[in-house]
file target33.txt (compact mmCIF, C-alpha atoms)
# COMPACT_ATOMS: atom_id res chain seq x y z
CA MET J 1 124.48 255.97 -32.97
CA ALA J 2 124.56 253.51 -35.87
CA LYS J 3 122.87 250.71 -37.75
CA ILE J 4 125.22 248.31 -39.55
CA ASP J 5 124.42 246.44 -42.75
CA LEU J 6 126.60 243.87 -44.44
CA VAL J 7 125.40 243.14 -47.95
CA ASN J 8 126.72 240.01 -49.68
CA VAL J 9 130.14 240.48 -48.06
CA THR J 10 132.83 238.03 -49.19
CA LYS J 11 136.44 237.97 -48.03
CA ARG J 12 139.15 235.55 -49.13
CA PHE J 13 142.68 234.93 -47.95
CA ASN J 14 144.37 233.24 -50.90
CA LYS J 15 142.14 230.20 -51.54
CA THR J 16 140.47 230.30 -48.13
CA VAL J 17 137.01 231.85 -48.04
CA ALA J 18 136.84 233.58 -44.66
CA LEU J 19 133.45 235.27 -45.27
CA ASP J 20 131.06 233.81 -47.80
CA GLY J 21 128.28 236.15 -48.97
CA ILE J 22 127.37 237.53 -45.53
CA ASP J 23 124.04 239.37 -45.32
CA LEU J 24 123.53 240.82 -41.87
CA THR J 25 121.80 243.78 -40.23
CA ILE J 26 122.69 244.95 -36.73
CA HIS J 27 120.21 247.44 -35.34
CA ASP J 28 121.01 250.80 -33.82
CA LYS J 29 121.95 250.45 -30.11
CA GLU J 30 121.79 246.63 -30.32
CA PHE J 31 124.13 244.32 -28.42
CA PHE J 32 124.74 241.67 -31.07
CA VAL J 33 126.79 238.57 -30.24
CA LEU J 34 128.64 236.72 -32.99
CA PHE J 35 129.15 233.14 -31.86
CA GLY J 36 130.94 230.24 -33.50
CA PRO J 37 133.92 227.90 -33.36
CA ALA J 38 137.54 228.89 -33.96
CA GLY J 39 138.21 229.75 -37.60
CA ALA J 40 134.54 230.40 -38.39
CA GLY J 41 135.15 233.99 -39.59
CA LYS J 42 134.21 235.96 -36.46
CA THR J 43 137.32 238.14 -36.19
CA THR J 44 137.50 238.66 -39.96
CA LEU J 45 133.94 239.99 -39.93
CA LEU J 46 134.86 242.50 -37.21
CA LYS J 47 137.93 243.61 -39.16
CA VAL J 48 135.87 244.14 -42.31
CA ILE J 49 133.43 246.34 -40.37
CA ALA J 50 136.32 248.25 -38.81
CA GLY J 51 137.96 248.75 -42.19
CA VAL J 52 141.12 246.83 -41.31
CA GLU J 53 140.23 244.26 -43.98
CA PHE J 54 138.56 245.08 -47.29
CA PRO J 55 135.72 242.94 -48.70
CA GLU J 56 136.35 241.60 -52.19
CA VAL J 57 132.61 241.50 -52.85
CA GLY J 58 129.73 243.33 -51.18
CA GLU J 59 129.22 246.42 -49.08
CA VAL J 60 129.60 247.51 -45.48
CA ARG J 61 127.10 250.21 -44.58
CA ILE J 62 127.03 252.25 -41.38
CA SER J 63 123.88 254.30 -40.88
CA ASP J 64 122.98 253.52 -44.51
CA GLU J 65 126.28 254.91 -45.83
CA ASN J 66 128.59 252.66 -47.87
CA VAL J 67 131.90 252.86 -45.97
CA ASN J 68 133.93 250.48 -48.13
CA LEU J 69 136.21 253.35 -49.16
CA VAL J 70 136.19 255.14 -45.79
CA GLU J 71 139.48 254.66 -43.96
CA PRO J 72 139.29 252.97 -40.54
CA ALA J 73 140.16 256.06 -38.51
CA LYS J 74 137.19 257.95 -39.94
CA ARG J 75 134.53 255.30 -39.27
CA ASN J 76 134.25 256.26 -35.57
CA ILE J 77 134.55 252.64 -34.49
CA SER J 78 136.28 251.43 -31.32
CA MET J 79 137.63 247.90 -31.06
CA VAL J 80 138.64 245.94 -27.97
CA PHE J 81 140.83 242.86 -28.29
CA GLU J 82 141.51 239.93 -26.00
CA ASN J 83 145.13 241.01 -25.46
CA TYR J 84 144.31 244.57 -24.18
CA ALA J 85 146.94 246.26 -26.43
CA LEU J 86 147.73 248.80 -23.68
CA TYR J 87 150.79 251.04 -23.81
CA PRO J 88 153.05 249.59 -21.08
CA HIS J 89 154.98 252.84 -20.48
CA MET J 90 151.81 254.92 -19.95
CA ASN J 91 149.76 255.00 -16.77
CA ILE J 92 146.08 254.06 -16.77
CA PHE J 93 144.98 257.68 -17.20
CA ASP J 94 147.12 258.21 -20.29
CA ASN J 95 146.10 254.87 -21.81
CA ILE J 96 142.44 255.82 -21.56
CA ALA J 97 143.15 259.35 -22.78
CA SER J 98 145.26 258.30 -25.79
CA PRO J 99 142.43 258.32 -28.41
CA MET J 100 141.46 261.87 -27.39
CA ARG J 101 145.02 263.07 -27.95
CA SER J 102 145.30 261.62 -31.45
CA PRO J 103 145.33 264.10 -34.36
CA LEU J 104 141.91 262.93 -35.57
CA TYR J 105 140.04 263.30 -32.25
CA LYS J 106 142.26 265.81 -30.44
CA LYS J 107 140.57 267.39 -27.40
CA ASP J 108 141.72 269.99 -24.91
CA GLU J 109 143.20 268.72 -21.64
CA ALA J 110 140.25 269.88 -19.52
CA THR J 111 137.86 267.82 -21.65
CA ILE J 112 140.22 264.86 -21.59
CA LYS J 113 140.49 264.95 -17.80
CA ARG J 114 136.71 265.16 -17.39
CA GLU J 115 135.95 262.33 -19.83
CA VAL J 116 138.71 260.03 -18.55
CA HIS J 117 137.50 260.38 -14.95
CA LYS J 118 133.91 259.78 -16.04
CA VAL J 119 134.76 256.57 -17.90
CA ALA J 120 137.22 255.40 -15.24
CA SER J 121 134.55 255.81 -12.58
CA MET J 122 132.12 253.73 -14.61
CA MET J 123 134.82 251.06 -15.12
CA LYS J 124 135.60 251.12 -11.36
CA ILE J 125 139.26 251.97 -11.96
CA ASP J 126 139.26 255.68 -11.04
CA HIS J 127 141.54 254.91 -8.05
CA LEU J 128 144.16 253.34 -10.35
CA LEU J 129 144.73 256.15 -12.84
CA GLU J 130 148.35 256.81 -11.79
CA ARG J 131 149.42 253.17 -12.01
CA LEU J 132 151.08 251.41 -14.95
CA PRO J 133 149.35 248.44 -16.63
CA SER J 134 151.92 246.11 -15.05
CA GLN J 135 150.79 247.29 -11.60
CA VAL J 136 147.12 246.31 -11.93
CA SER J 137 145.24 243.02 -12.29
CA ASN J 138 144.11 241.36 -15.51
CA GLY J 139 140.53 242.45 -14.89
CA GLN J 140 141.62 246.03 -14.30
CA ARG J 141 143.68 245.99 -17.50
CA GLN J 142 140.60 244.82 -19.37
CA ARG J 143 138.53 247.62 -17.84
CA THR J 144 141.25 250.05 -18.95
CA ALA J 145 141.01 248.77 -22.52
CA LEU J 146 137.23 249.11 -22.41
CA GLY J 147 137.52 252.63 -21.01
CA ARG J 148 139.92 253.63 -23.77
CA ALA J 149 137.47 252.37 -26.38
CA LEU J 150 134.53 254.21 -24.81
CA VAL J 151 136.12 257.55 -23.99
CA ARG J 152 135.69 259.11 -27.42
CA ASP J 153 132.02 258.10 -27.71
CA PRO J 154 132.21 255.81 -30.78
CA ASN J 155 129.24 255.03 -33.02
CA VAL J 156 130.12 251.32 -33.05
CA PHE J 157 131.82 249.18 -30.45
CA LEU J 158 133.55 245.97 -31.62
CA MET J 159 134.69 243.43 -29.00
CA ASP J 160 136.82 240.44 -29.99
CA GLU J 161 136.62 237.91 -27.13
CA PRO J 162 137.58 240.60 -24.62
CA ILE J 163 137.24 238.46 -21.48
CA ALA J 164 138.17 235.02 -22.82
CA HIS J 165 141.47 234.91 -20.92
CA LEU J 166 140.01 235.86 -17.51
CA ASP J 167 139.23 233.27 -14.85
CA ALA J 168 135.67 231.93 -14.62
CA LYS J 169 134.64 234.06 -11.62
CA LEU J 170 135.91 237.28 -13.16
CA ARG J 171 134.31 236.44 -16.53
CA HIS J 172 130.96 236.13 -14.76
CA VAL J 173 131.42 239.57 -13.17
CA MET J 174 132.60 241.15 -16.41
CA ARG J 175 129.65 239.77 -18.40
CA ALA J 176 127.26 241.64 -16.13
CA GLU J 177 129.36 244.80 -16.31
CA LEU J 178 129.61 244.69 -20.10
CA LYS J 179 125.85 244.45 -20.44
CA GLU J 180 125.35 247.30 -17.97
CA MET J 181 127.95 249.40 -19.78
CA GLN J 182 126.34 248.87 -23.17
CA HIS J 183 122.94 249.81 -21.75
CA GLU J 184 124.43 252.97 -20.21
CA PHE J 185 126.13 254.14 -23.41
CA SER J 186 123.52 252.76 -25.88
CA THR J 187 126.31 252.07 -28.35
CA THR J 188 125.77 249.61 -31.19
CA THR J 189 127.93 246.68 -30.12
CA ILE J 190 129.16 243.53 -31.85
CA TYR J 191 130.67 241.04 -29.44
CA VAL J 192 132.60 238.00 -30.65
CA THR J 193 132.82 234.87 -28.52
CA HIS J 194 133.20 231.11 -28.68
CA ASP J 195 131.56 230.72 -25.24
CA TYR J 196 127.88 229.80 -25.49
CA LEU J 197 127.16 231.19 -22.00
CA GLU J 198 128.37 234.62 -23.09
CA ALA J 199 126.31 234.38 -26.26
CA LEU J 200 123.13 233.51 -24.37
CA SER J 201 123.55 235.96 -21.50
CA LEU J 202 124.84 239.05 -23.31
CA GLY J 203 123.21 239.35 -26.69
CA ASP J 204 119.96 241.05 -27.61
CA ARG J 205 120.36 238.72 -30.57
CA VAL J 206 122.90 236.03 -31.40
CA GLY J 207 124.34 235.29 -34.83
CA ILE J 208 125.80 231.83 -35.36
CA ILE J 209 128.65 231.73 -37.89
CA ASN J 210 130.39 228.69 -39.36
CA GLU J 211 132.83 228.44 -42.26
CA GLY J 212 132.22 232.07 -43.17
CA LYS J 213 128.43 231.80 -43.35
CA ILE J 214 125.71 233.01 -41.00
CA VAL J 215 123.84 229.86 -39.97
CA GLN J 216 121.19 231.35 -37.69
CA ILE J 217 120.17 234.66 -36.13
CA GLY J 218 117.80 234.94 -33.19
CA THR J 219 117.46 235.65 -29.51
CA GLY J 220 119.38 233.46 -27.10
CA GLU J 221 116.19 231.55 -26.34
CA GLU J 222 115.49 230.96 -30.02
CA VAL J 223 118.90 229.57 -30.89
CA TYR J 224 118.97 227.41 -27.75
CA LEU J 225 115.43 226.04 -27.91
CA THR J 226 115.03 225.89 -31.71
CA PRO J 227 118.51 225.61 -33.26
CA ALA J 228 118.58 225.88 -37.05
CA ASN J 229 120.34 222.55 -37.39
CA GLU J 230 122.36 219.92 -35.55
CA PHE J 231 125.52 222.03 -35.78
CA VAL J 232 123.94 224.88 -33.81
CA ALA J 233 122.38 222.44 -31.33
CA ARG J 234 125.81 220.91 -30.62
CA LEU J 235 127.34 224.36 -30.03
CA MET J 236 124.76 225.29 -27.40
CA GLY J 237 125.08 223.67 -24.01
CA ASP J 238 127.39 221.67 -21.80
CA PRO J 239 127.45 218.73 -21.93
CA GLU J 240 126.93 218.57 -25.67
CA ILE J 241 123.46 217.58 -26.80
CA ASN J 242 122.80 213.90 -27.56
CA ILE J 243 121.68 213.35 -31.17
CA PHE J 244 120.78 209.95 -32.60
CA GLU J 245 118.51 208.42 -35.24
CA ILE J 246 115.12 206.88 -34.53
CA ASP J 247 112.95 204.60 -36.67
CA LEU J 248 109.43 205.91 -37.22
CA VAL J 249 106.60 203.50 -36.51
CA ASP J 250 102.91 204.18 -37.22
CA GLU J 251 100.59 202.08 -35.07
CA ASP J 252 96.92 202.70 -35.85
CA GLY J 253 97.58 206.31 -36.77
CA VAL J 254 99.77 207.00 -33.73
CA LEU J 255 103.39 207.86 -34.56
CA GLY J 256 106.19 206.51 -32.41
CA GLY J 257 109.94 206.25 -32.55
CA VAL J 258 112.02 203.16 -31.97
CA MET J 259 115.51 204.03 -30.77
CA LEU J 260 118.85 202.57 -29.79
CA GLY J 261 118.04 198.96 -30.51
CA GLN J 262 114.88 198.90 -28.41
CA LYS J 263 111.71 197.09 -29.48
CA LYS J 264 109.04 199.27 -27.89
CA PRO J 265 108.47 202.64 -29.64
CA HIS J 266 108.37 205.89 -27.71
CA LEU J 267 105.27 207.96 -28.38
CA ILE J 268 105.95 211.09 -30.42
CA PRO J 269 103.93 214.15 -29.27
CA GLU J 270 100.89 214.78 -31.45
CA ASP J 271 101.93 218.25 -32.66
CA VAL J 272 105.35 216.91 -33.66
CA ALA J 273 103.87 213.85 -35.37
CA LYS J 274 101.60 216.06 -37.50
CA VAL J 275 104.53 218.14 -38.78
CA ILE J 276 106.58 215.01 -39.52
CA ASN J 277 103.71 213.39 -41.40
CA ASP J 278 102.71 216.53 -43.28
CA GLY J 279 106.33 217.17 -44.29
CA GLY J 280 106.84 213.65 -45.56
CA TYR J 281 109.91 213.11 -43.39
CA THR J 282 111.06 209.50 -43.27
CA LYS J 283 114.46 209.72 -41.60
CA ILE J 284 114.54 211.48 -38.24
CA ARG J 285 117.16 212.17 -35.61
CA ILE J 286 116.26 213.47 -32.19
CA GLY J 287 118.28 215.75 -29.92
CA LEU J 288 118.14 215.48 -26.15
CA ARG J 289 120.08 217.59 -23.70
CA GLY J 290 121.54 216.08 -20.56
CA ASN J 291 118.54 216.95 -18.40
CA ASP J 292 116.03 215.56 -20.92
CA PHE J 293 116.27 212.03 -19.47
CA ASN J 294 114.78 210.18 -16.57
CA TYR J 295 116.96 207.51 -14.99
CA SER J 296 116.60 204.85 -12.34
CA PHE J 297 118.61 201.99 -10.86
CA THR J 298 115.54 199.75 -11.18
CA LYS J 299 113.46 199.21 -14.30
CA VAL J 300 110.34 201.15 -13.39
CA SER J 301 108.59 200.70 -16.77
CA PRO J 302 109.15 199.03 -20.17
CA GLU J 303 110.10 202.39 -21.75
CA TYR J 304 113.26 202.55 -19.64
CA MET J 305 116.26 201.33 -21.63
CA ASP J 306 118.93 199.04 -20.21
CA ALA J 307 122.27 200.82 -19.93
CA THR J 308 125.56 200.77 -18.06
CA VAL J 309 127.52 203.63 -16.54
CA TYR J 310 130.48 204.37 -18.83
CA SER J 311 131.96 207.39 -17.04
CA VAL J 312 131.20 209.77 -14.17
CA GLU J 313 132.26 213.43 -14.21
CA PRO J 314 131.36 215.62 -11.19
CA ILE J 315 131.15 219.31 -12.19
CA GLY J 316 130.18 221.74 -9.46
CA ASN J 317 126.54 221.24 -8.50
CA LYS J 318 125.93 218.48 -11.06
CA THR J 319 127.38 215.23 -12.29
CA ILE J 320 127.60 214.22 -15.93
CA LEU J 321 126.94 210.52 -16.40
CA VAL J 322 127.91 208.96 -19.70
CA VAL J 323 125.76 205.86 -20.08
CA ASP J 324 126.06 203.18 -22.75
CA VAL J 325 122.83 202.08 -24.43
CA ASN J 326 123.61 199.40 -27.01
CA GLY J 327 126.85 201.12 -27.95
CA GLU J 328 125.42 204.66 -28.03
CA LYS J 329 127.03 206.92 -25.42
CA LEU J 330 124.48 209.30 -23.88
CA ARG J 331 125.37 212.26 -21.66
CA VAL J 332 122.92 212.50 -18.75
CA ILE J 333 122.89 215.18 -16.04
CA ALA J 334 122.49 213.92 -12.48
CA PRO J 335 122.77 215.57 -9.01
CA ASN J 336 126.25 216.09 -7.64
CA ASP J 337 125.60 213.73 -4.71
CA ILE J 338 124.67 210.72 -6.84
CA LYS J 339 126.32 207.46 -5.76
CA VAL J 340 127.24 205.40 -8.80
CA GLU J 341 130.02 203.09 -9.97
CA LEU J 342 131.51 202.50 -13.40
CA ASP J 343 129.86 199.61 -15.31
CA GLN J 344 126.91 199.75 -12.92
CA PRO J 345 123.53 198.91 -14.52
CA ILE J 346 121.25 201.90 -14.96
CA TYR J 347 117.95 202.45 -16.76
CA VAL J 348 117.21 205.58 -18.77
CA ASN J 349 114.12 206.94 -20.44
CA VAL J 350 113.85 209.91 -22.79
CA LYS J 351 111.50 212.83 -22.26
CA MET J 352 109.97 212.95 -25.72
CA ASP J 353 108.20 216.20 -24.88
CA LYS J 354 111.66 217.80 -24.53
CA ALA J 355 113.20 216.31 -27.68
CA MET J 356 114.25 218.30 -30.74
CA PHE J 357 113.51 216.65 -34.07
CA PHE J 358 115.92 216.96 -37.00
CA ASN J 359 115.79 215.82 -40.61
CA ALA J 360 118.40 213.07 -40.79
CA GLU J 361 119.01 213.79 -44.48
CA ASP J 362 120.32 217.34 -44.04
CA GLY J 363 120.54 217.87 -40.27
CA ASN J 364 118.05 220.76 -40.28
CA PHE J 365 115.74 221.37 -37.36
CA ILE J 366 112.09 220.40 -37.90
CA ILE J 367 110.16 220.99 -34.67
CA ARG J 368 109.87 220.35 -30.96
CA HIS J 369 106.81 219.84 -28.77
CA ASN J 370 104.96 223.05 -27.78
CA GLN J 371 107.49 225.08 -29.76
CA LYS J 372 105.38 228.22 -30.08
CA GLN J 373 104.41 228.25 -26.42
CA LEU J 374 108.01 227.72 -25.30
CA LEU J 375 109.24 230.74 -27.23
CA GLU J 376 106.32 232.89 -26.07
CA VAL J 377 107.02 232.05 -22.42
CA ASP J 378 110.75 232.64 -22.70
call {"tool": "encode", "arguments": {"input": "target33.txt", "output": "structure tokens"}}
result
Amino acid sequence: MAKIDLVNVTKRFNKTVALDGIDLTIHDKEFFVLFGPAGAGKTTLLKVIAGVEFPEVGEVRISDENVNLVEPAKRNISMVFENYALYPHMNIFDNIASPMRSPLYKKDEATIKREVHKVASMMKIDHLLERLPSQVSNGQRQRTALGRALVRDPNVFLMDEPIAHLDAKLRHVMRAELKEMQHEFSTTTIYVTHDYLEALSLGDRVGIINEGKIVQIGTGEEVYLTPANEFVARLMGDPEINIFEIDLVDEDGVLGGVMLGQKKPHLIPEDVAKVINDGGYTKIRIGLRGNDFNYSFTKVSPEYMDATVYSVEPIGNKTILVVDVNGEKLRVIAPNDIKVELDQPIYVNVKMDKAMFFNAEDGNFIIRHNQKQLLEVD
């Protein structure tokens, strides 16, 4: 198959820097997910690998060969787009077969028939081969596009948000099928998405891109549990992580954090306190996801902060409460059967052993409690 290396790749469109000195290695047979917001450079990076766009600086290497001057058709790369790009006048069989009938990859009809039926069976569309694209469902059209990309056994598979337009239930099904398909074919795959669930569930590794730069590369667990900075932390999860500043207080050698206008400090875990002290950090922000809070409708201890319910949003098997603590809006996850009214008093306490600690001066991640053990377990 193929290993892919991007070495100091830069691509501009007029004055806009779409890719800014990208250094990236994607291993042979890896399922690599490229994740980031709209306009981050995800699609441009795929096009540079495919040869559709040319880097102004740097090299694209496939299996250690510089392919900058190799035309797209000769790179043996298949690309799947969100919009299918199927031929509307051809039936499903002929759409899948079309790459094998091109001058570059031309095969005999017996081979084409065998390979099309093999791929169609894997895509679960072998009973639809005589139908036109307009006569099948969106999910079946997407499977057709995937089958067309796979049929000629490419070295590299590029997917640009291929299931973004499908409904939530079908996306869930297709995520599992895509992972199974990649395992079956062992094809080096780069998958672009702006959906954090896809990034976490599909990728052997995830690359976070923003403003044309790779911000972080790691497993799904690594980028979720130990994000490189506040930007990555905000991308991962729904509802968005809560991030706010705390004031450090040292009481007889024990480090605590005073937050959100409270008087009593919250104890900072010992392993976290050591890193903060040793690093000389003086301005800290903490990040807490929606399930990193305790809450009560009575004040069970002094650590619980007075708050009011600002909004209530039921979502499936959970409810997102937005609570106001001295003007700071915190997103807290509660059960879906919670009974609560707007402006109702509520008391919340943070789970400091779950908190992420960031340097307030640059937004970079510092540490979280039991960080090494968390990553080893996951």
call {"tool": "closest_residue", "arguments": {"input": "target33.txt", "among": "J:Glu230, J:Asp195, J:Glu303, J:Glu222", "to": "Glu361 in chain J", "atoms": "all atoms listed in the file"}}
result
J:Glu230
call {"tool": "atom_distance", "arguments": {"input": "target33.txt", "atom1": "CA of Pro227 in chain J", "atom2": "CA of Val323 in chain J"}}
result
24.8 Å
call {"tool": "residues_around", "arguments": {"input": "target33.txt", "residues": "range 3-7 of chain J", "least_positions_apart": "2", "cutoff": "6 Å", "atoms": "all atoms listed in the file", "output": "ChimeraX atom specification"}}
result
/J:9,23-28,58-63
call {"tool": "closest_residue", "arguments": {"input": "target33.txt", "among": "J:Phe297, J:Glu376, J:Ile246, J:Phe357", "to": "Ile338 in chain J", "atoms": "all atoms listed in the file"}}
result
J:Phe297
call {"tool": "residues_around", "arguments": {"input": "target33.txt", "residues": "Glu328 in chain J", "least_positions_apart": "6", "cutoff": "10 Å", "atoms": "all atoms listed in the file", "output": "short mmCIF file (atom, residue, chain, number, x, y, z; two decimals) with C-alpha atoms, keeping the file's coordinate frame"}}
result
data_model
loop_
_atom_site.label_atom_id
_atom_site.label_comp_id
_atom_site.auth_asym_id
_atom_site.auth_seq_id
_atom_site.Cartn_x
_atom_site.Cartn_y
_atom_site.Cartn_z
CA ASN J 242 122.80 213.90 -27.56
CA ILE J 243 121.68 213.35 -31.17
CA PHE J 244 120.78 209.95 -32.60
CA LEU J 260 118.85 202.57 -29.79
CA GLY J 261 118.04 198.96 -30.51
CA ALA J 307 122.27 200.82 -19.93
CA VAL J 322 127.91 208.96 -19.70
#
call {"tool": "atom_distance", "arguments": {"input": "target33.txt", "atom1": "CA of Phe185 in chain J", "atom2": "CA of Ile217 in chain J"}}
result
24.0 Å
call {"tool": "closest_atom_pairs", "arguments": {"input": "target33.txt", "of": "range 173-206 of chain J", "to": "range 141-152 of chain J", "cutoff": "10 Å", "atoms": "all atoms listed in the file", "output": "tab-separated table"}}
result
residue	atom	partner	partner_atom	distance
J:Met174	CA	J:Arg143	CA	8.9
J:Glu177	CA	J:Arg143	CA	9.7
J:Leu178	CA	J:Leu146	CA	9.1
J:Met181	CA	J:Leu150	CA	9.6
J:Gln182	CA	J:Leu150	CA	9.9
J:Phe185	CA	J:Leu150	CA	8.5
J:Thr187	CA	J:Leu150	CA	9.2
call {"tool": "write_last_selection", "arguments": {"input": "target33.txt", "atoms": "C-alpha atoms", "output": "PDB file, keeping the file's coordinate frame"}}
result
ATOM      1  CA  MET J 174     132.600 241.150 -16.410  1.00  0.00           C
ATOM      2  CA  GLU J 177     129.360 244.800 -16.310  1.00  0.00           C
ATOM      3  CA  LEU J 178     129.610 244.690 -20.100  1.00  0.00           C
ATOM      4  CA  MET J 181     127.950 249.400 -19.780  1.00  0.00           C
ATOM      5  CA  GLN J 182     126.340 248.870 -23.170  1.00  0.00           C
ATOM      6  CA  PHE J 185     126.130 254.140 -23.410  1.00  0.00           C
ATOM      7  CA  THR J 187     126.310 252.070 -28.350  1.00  0.00           C
TER       8      THR J 187
END
call {"tool": "axis_aligned_box", "arguments": {"input": "target33.txt", "around": "range 178-187 of chain J", "padding_each_side": "6 Å", "output": "lines of an AutoDock Vina configuration file"}}
result
center_x = 126.3
center_y = 249.3
center_z = -23.2
size_x = 18.7
size_y = 21.7
size_z = 22.4
